[in-house]
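Presented below is the structure to which this report refers.
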Amino acid sequence: MQTTYATPQDIDNWMSLVNQIRQNFPGLETQEGLDDYKATALKFMDKRQAICVKPDAPSDQRIAGIMLFSRGKNMICCLGVSPAFRRRGVASLLMEEALLNLDQSKEISVSTFRAEDEKGTAPRALYEKYGFVPEALIREFGYPNQRLIRYPQGAEKGERQKAVNKMVRAVTDILSDCKPSIYLYGSSVLDDFRLGWSDLDIVVLTGKMISEEQARRLVRLRQTMLVEEAGNPYYRSFEGGMLTLDAFLSGEEDRVVYWGTGGERITCRYGLDAFCMSELLDDGILLCGNDIRDRLPRPAPDDLGAGVRKHYETIRKYAQKTGRSLYSFGWLLDISRCIYTLRTGGIISKTAAGEWALRENLCPCADALQKAVEVRKMPAAYQKDESIFDYAQDLGSSVQRYADILERELGESGR
């Protein structure tokens, strides 16, 4: 077998293989879909982003396997192997050549069939062999797929996603009869997660009420997983609620499992504020089950304004003085985020909000905000820096001066 870069002269044999396996590719059911694919393949060939594997015999004109990849998007776009050449290492030859062309210092993505789909057995085994980690459940051409990511070697985000996947499997096993939809949202999906500072925010919405026994197991689950994997730094970071979708929508009482910073408990209600609901709707990723976000209400501008007002009141009440903690810097980032929302109606990460506020010259104590951004980006680097803790303890006046700006913005927005 020989690996080569396809040229337009290969297109007929390339499409002959595509026709053999088109039933495995959503979007290729019609002639129009095939024609669009052919045009795309020719563009990739012109850019030297189309690989094929051919038999060694010059007389054999068949193509054994094909792959399209994108250097610009750092992703694998299409992979297919002829039924006549399967289990002969063709897919591995294609993968190894593609990886030589992609930037392995960055995330490489691919989408394929979900784990429960029989079509996914072979491709998922291949991708996981080469270090790809399952991530978001998605739909492509109306078909349920999953995105997988190959993280750079040693990347914190890769280890985090593995922990997320383990937690999702554990929750799903407990709630197997409840048809759970599990979402990850917040700093992790906004690319702003910082180990030692951030939480892993999840929400689990079920089709039926969680039983007492299931609730007891879920309440203990974080501790259970830490016992089984004591060195894992992520399990204690999970926070969120688990309840029926109906109760989440109506606000009525239910059997709810709540995980928080201060502990976990079985309670009767759970909901998200306007900020978190917007994050879930706009940026959250589905990790298990059906995507039911079309049933969730989108916060109105007035809801977001009310959320900002509540943050403002909290800052006035609790941040007159600040503690000797890295978390004290978070007050400045929270104010930046609130002002961003008032001005744009959007939600961004805390780090991005702090950087935006610095560019806009919004903070009267810019040095303090700059330090907050630096600490947020690398909290581990400051864990033993006594001068930073001294700085944090004296942030109260800076926070309140910045809160004056937020108060003015609230007034100007009519909220």
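Starting from 1 in every chain, residues are counted up; chains themselves are A, B, ... following the order of the structure tokens, and ligands are numbered from 1 as listed.
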Produce a table with one row for each residue of segment 353-393 of chain A that has an atom at most 10 Å from any atom of segment 196-220 of chain A, each row naming the nearest atom pair and its distance in Å at one decimal; use only C-alpha atoms; arrange rows by chain and rising residue number; format as a tab-separated table.
residue	atom	partner	partner_atom	distance
A:Val375	CA	A:Trp197	CA	9.9
A:Arg376	CA	A:Trp197	CA	7.8
A:Lys377	CA	A:Trp197	CA	9.8
A:Met378	CA	A:Gly196	CA	9.5
A:Pro379	CA	A:Gly196	CA	6.9
A:Ala380	CA	A:Gly196	CA	6.9
A:Gln383	CA	A:Gly196	CA	9.2
Taking N, CA and C atoms for each residue, export the selection above as a JSON list (two decimals), in the first residue's frame.
[["chain", "number", "residue", "atom", "x", "y", "z"],
["A", 375, "VAL", "N", -3.54, 37.21, 37.71],
["A", 375, "VAL", "CA", -3.76, 36.14, 38.69],
["A", 375, "VAL", "C", -4.76, 35.13, 38.15],
["A", 376, "ARG", "N", -5.80, 35.63, 37.49],
["A", 376, "ARG", "CA", -6.82, 34.73, 36.92],
["A", 376, "ARG", "C", -6.20, 33.79, 35.88],
["A", 377, "LYS", "N", -5.28, 34.31, 35.08],
["A", 377, "LYS", "CA", -4.69, 33.49, 34.03],
["A", 377, "LYS", "C", -3.77, 32.40, 34.57],
["A", 378, "MET", "N", -3.08, 32.69, 35.69],
["A", 378, "MET", "CA", -2.12, 31.72, 36.22],
["A", 378, "MET", "C", -2.21, 31.65, 37.74],
["A", 379, "PRO", "N", -3.34, 31.21, 38.30],
["A", 379, "PRO", "CA", -3.48, 31.20, 39.76],
["A", 379, "PRO", "C", -2.43, 30.34, 40.46],
["A", 380, "ALA", "N", -2.03, 29.25, 39.83],
["A", 380, "ALA", "CA", -1.07, 28.36, 40.47],
["A", 380, "ALA", "C", 0.27, 29.06, 40.71],
["A", 383, "GLN", "N", 0.15, 30.90, 44.20],
["A", 383, "GLN", "CA", -0.35, 30.22, 45.39],
["A", 383, "GLN", "C", 0.52, 30.43, 46.62]]
Quick one: everything within 10 Å of segment 144-159 of chain A, counting only C-alpha atoms, minus sequence neighbours fewer than 4 positions away in the same chain. Send it as JSON, numbers by chain.
{"A": [26, 75, 103, 104, 105, 106, 107, 108, 109, 110, 111, 112, 113, 114, 115, 117, 120, 124, 127, 128, 130, 131, 132, 133, 134, 135, 136, 137, 138, 139, 140, 163, 164, 165, 188, 191, 193, 194, 195, 232, 233, 234, 286, 287, 290]}
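Among the candidates A:Ala392, A:Leu249, A:Ile339, A:Leu332, the one nearest to Arg293 of chain A when counting only C-alpha atoms is A:Leu249.
With only C-alpha atoms taken into account, the protein and nucleic acid residues at most 12 Å from Ser387 of chain A (excluding it and anything under 3 positions from it in its own chain) are Arg324, Ser325, Leu326, Lys371, Tyr382, Gln383, Lys384, Asp390, Tyr391, Ala392, Gln393 and Asp394 of chain A.
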Would you list, as number ranges by chain, the residues of segment 175-331 of chain A that end up in alpha helix (DSSP H) under DSSP run on this structure's backbone?
A: 212-219, 221-228, 245-250, 274-283, 301-318, 330-331
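Residues surrounding segment 13-23 of chain A within 8 Å are Leu28, Glu29, Lys38, Gln61, Arg62, Ile63, Ala64, Gly65, Ile66, Gly80, Val81 and Ser82 of chain A [only C-alpha atoms; sequence separation below 5 positions excluded].
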Just N, CA and C atoms for this one: save the residues we selected as an mmCIF file, in the first residue's frame.
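Output file again-v2.cif follows:
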data_model
loop_
_atom_site.group_PDB
_atom_site.id
_atom_site.type_symbol
_atom_site.label_atom_id
_atom_site.label_comp_id
_atom_site.auth_asym_id
_atom_site.auth_seq_id
_atom_site.Cartn_x
_atom_site.Cartn_y
_atom_site.Cartn_z
ATOM 1 N N LEU A 28 -24.738 12.644 2.033
ATOM 2 C CA LEU A 28 -24.421 12.103 0.704
ATOM 3 C C LEU A 28 -25.533 11.202 0.182
ATOM 4 N N GLU A 29 -26.731 11.359 0.725
ATOM 5 C CA GLU A 29 -27.846 10.500 0.315
ATOM 6 C C GLU A 29 -28.371 10.853 -1.075
ATOM 7 N N LYS A 38 -18.073 16.261 -4.306
ATOM 8 C CA LYS A 38 -17.055 16.185 -5.364
ATOM 9 C C LYS A 38 -16.374 17.540 -5.549
ATOM 10 N N GLN A 61 -6.036 0.253 -10.259
ATOM 11 C CA GLN A 61 -6.399 1.676 -10.207
ATOM 12 C C GLN A 61 -7.342 2.024 -9.052
ATOM 13 N N ARG A 62 -7.677 1.045 -8.256
ATOM 14 C CA ARG A 62 -8.595 1.315 -7.151
ATOM 15 C C ARG A 62 -7.934 2.205 -6.093
ATOM 16 N N ILE A 63 -8.784 2.912 -5.352
ATOM 17 C CA ILE A 63 -8.329 3.661 -4.177
ATOM 18 C C ILE A 63 -8.829 2.929 -2.944
ATOM 19 N N ALA A 64 -7.896 2.629 -2.039
ATOM 20 C CA ALA A 64 -8.247 1.833 -0.858
ATOM 21 C C ALA A 64 -8.818 2.687 0.265
ATOM 22 N N GLY A 65 -8.363 3.929 0.371
ATOM 23 C CA GLY A 65 -8.835 4.791 1.447
ATOM 24 C C GLY A 65 -8.637 6.249 1.099
ATOM 25 N N ILE A 66 -9.456 7.107 1.693
ATOM 26 C CA ILE A 66 -9.411 8.545 1.404
ATOM 27 C C ILE A 66 -9.506 9.346 2.700
ATOM 28 N N GLY A 80 -12.523 7.629 4.882
ATOM 29 C CA GLY A 80 -13.273 6.473 4.399
ATOM 30 C C GLY A 80 -12.335 5.399 3.863
ATOM 31 N N VAL A 81 -12.692 4.143 4.086
ATOM 32 C CA VAL A 81 -11.890 3.011 3.615
ATOM 33 C C VAL A 81 -12.788 2.062 2.841
ATOM 34 N N SER A 82 -12.297 1.596 1.722
ATOM 35 C CA SER A 82 -13.048 0.642 0.900
ATOM 36 C C SER A 82 -13.289 -0.650 1.673
#
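Atom CA of Gln2 of chain A sits 5.4 Å away from atom CA of Lys54 of chain A.
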Mind checking which residues fall within 10 Å of Met277 of chain A, counting only C-alpha atoms, ignoring those fewer than 5 positions away in the same chain, and posting them as a PyMOL selection string?
chain A and resi 185-186+271-272+282-284+296-299+304
Resulting file, chosen residues, C-alpha atoms, as an mmCIF file, in the first residue's frame:
data_model
loop_
_atom_site.group_PDB
_atom_site.id
_atom_site.type_symbol
_atom_site.label_atom_id
_atom_site.label_comp_id
_atom_site.auth_asym_id
_atom_site.auth_seq_id
_atom_site.Cartn_x
_atom_site.Cartn_y
_atom_site.Cartn_z
ATOM 1 C CA TYR A 185 -21.176 25.221 30.563
ATOM 2 C CA GLY A 186 -19.313 28.118 32.164
ATOM 3 C CA GLY A 271 -32.448 26.921 38.766
ATOM 4 C CA LEU A 272 -29.938 29.052 36.899
ATOM 5 C CA ASP A 282 -25.227 29.967 23.777
ATOM 6 C CA ASP A 283 -22.039 28.112 24.645
ATOM 7 C CA GLY A 284 -22.911 25.010 26.653
ATOM 8 C CA LEU A 296 -35.446 26.380 27.774
ATOM 9 C CA PRO A 297 -36.446 30.063 28.041
ATOM 10 C CA ARG A 298 -33.932 32.642 26.877
ATOM 11 C CA PRO A 299 -33.358 35.417 29.411
ATOM 12 C CA LEU A 304 -29.853 40.119 32.452
#
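Within 7 Å of segment 70-73 of chain A there are Gln49, Asn101 and Leu102 of chain A, counting only C-alpha atoms and ignoring same-chain residues fewer than 5 positions away.
With only C-alpha atoms as the atoms that count, the residue of A:Ala403, A:Ile76, A:Cys338, A:Ala57 with the shortest distance to Phe44 of chain A is A:Ile76.
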Among the residues A:Val257, A:Trp356, A:Ala6, A:Glu116, the one that comes closest to Leu175 of chain A [using only C-alpha atoms]:
A:Val257
Test item: residues at most 8 Å from Leu226 of chain A, only C-alpha atoms, excluding those fewer than 4 positions along its chain, as JSON, numbers by chain
{"A": [222, 230, 231, 232, 235, 236]}
Please compute the atom CA of Leu243 of chain A-atom CA of Glu228 of chain A distance, one decimal, in Å.
25.6 Å
Please compute the atom CA of Leu342 of chain A-atom CA of Leu406 of chain A distance, one decimal, in Å.
9.2 Å
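Nearest residue to Arg295 of chain A among A:Ile174, A:Cys77, A:Val53, A:Leu245 is A:Leu245, counting only C-alpha atoms.
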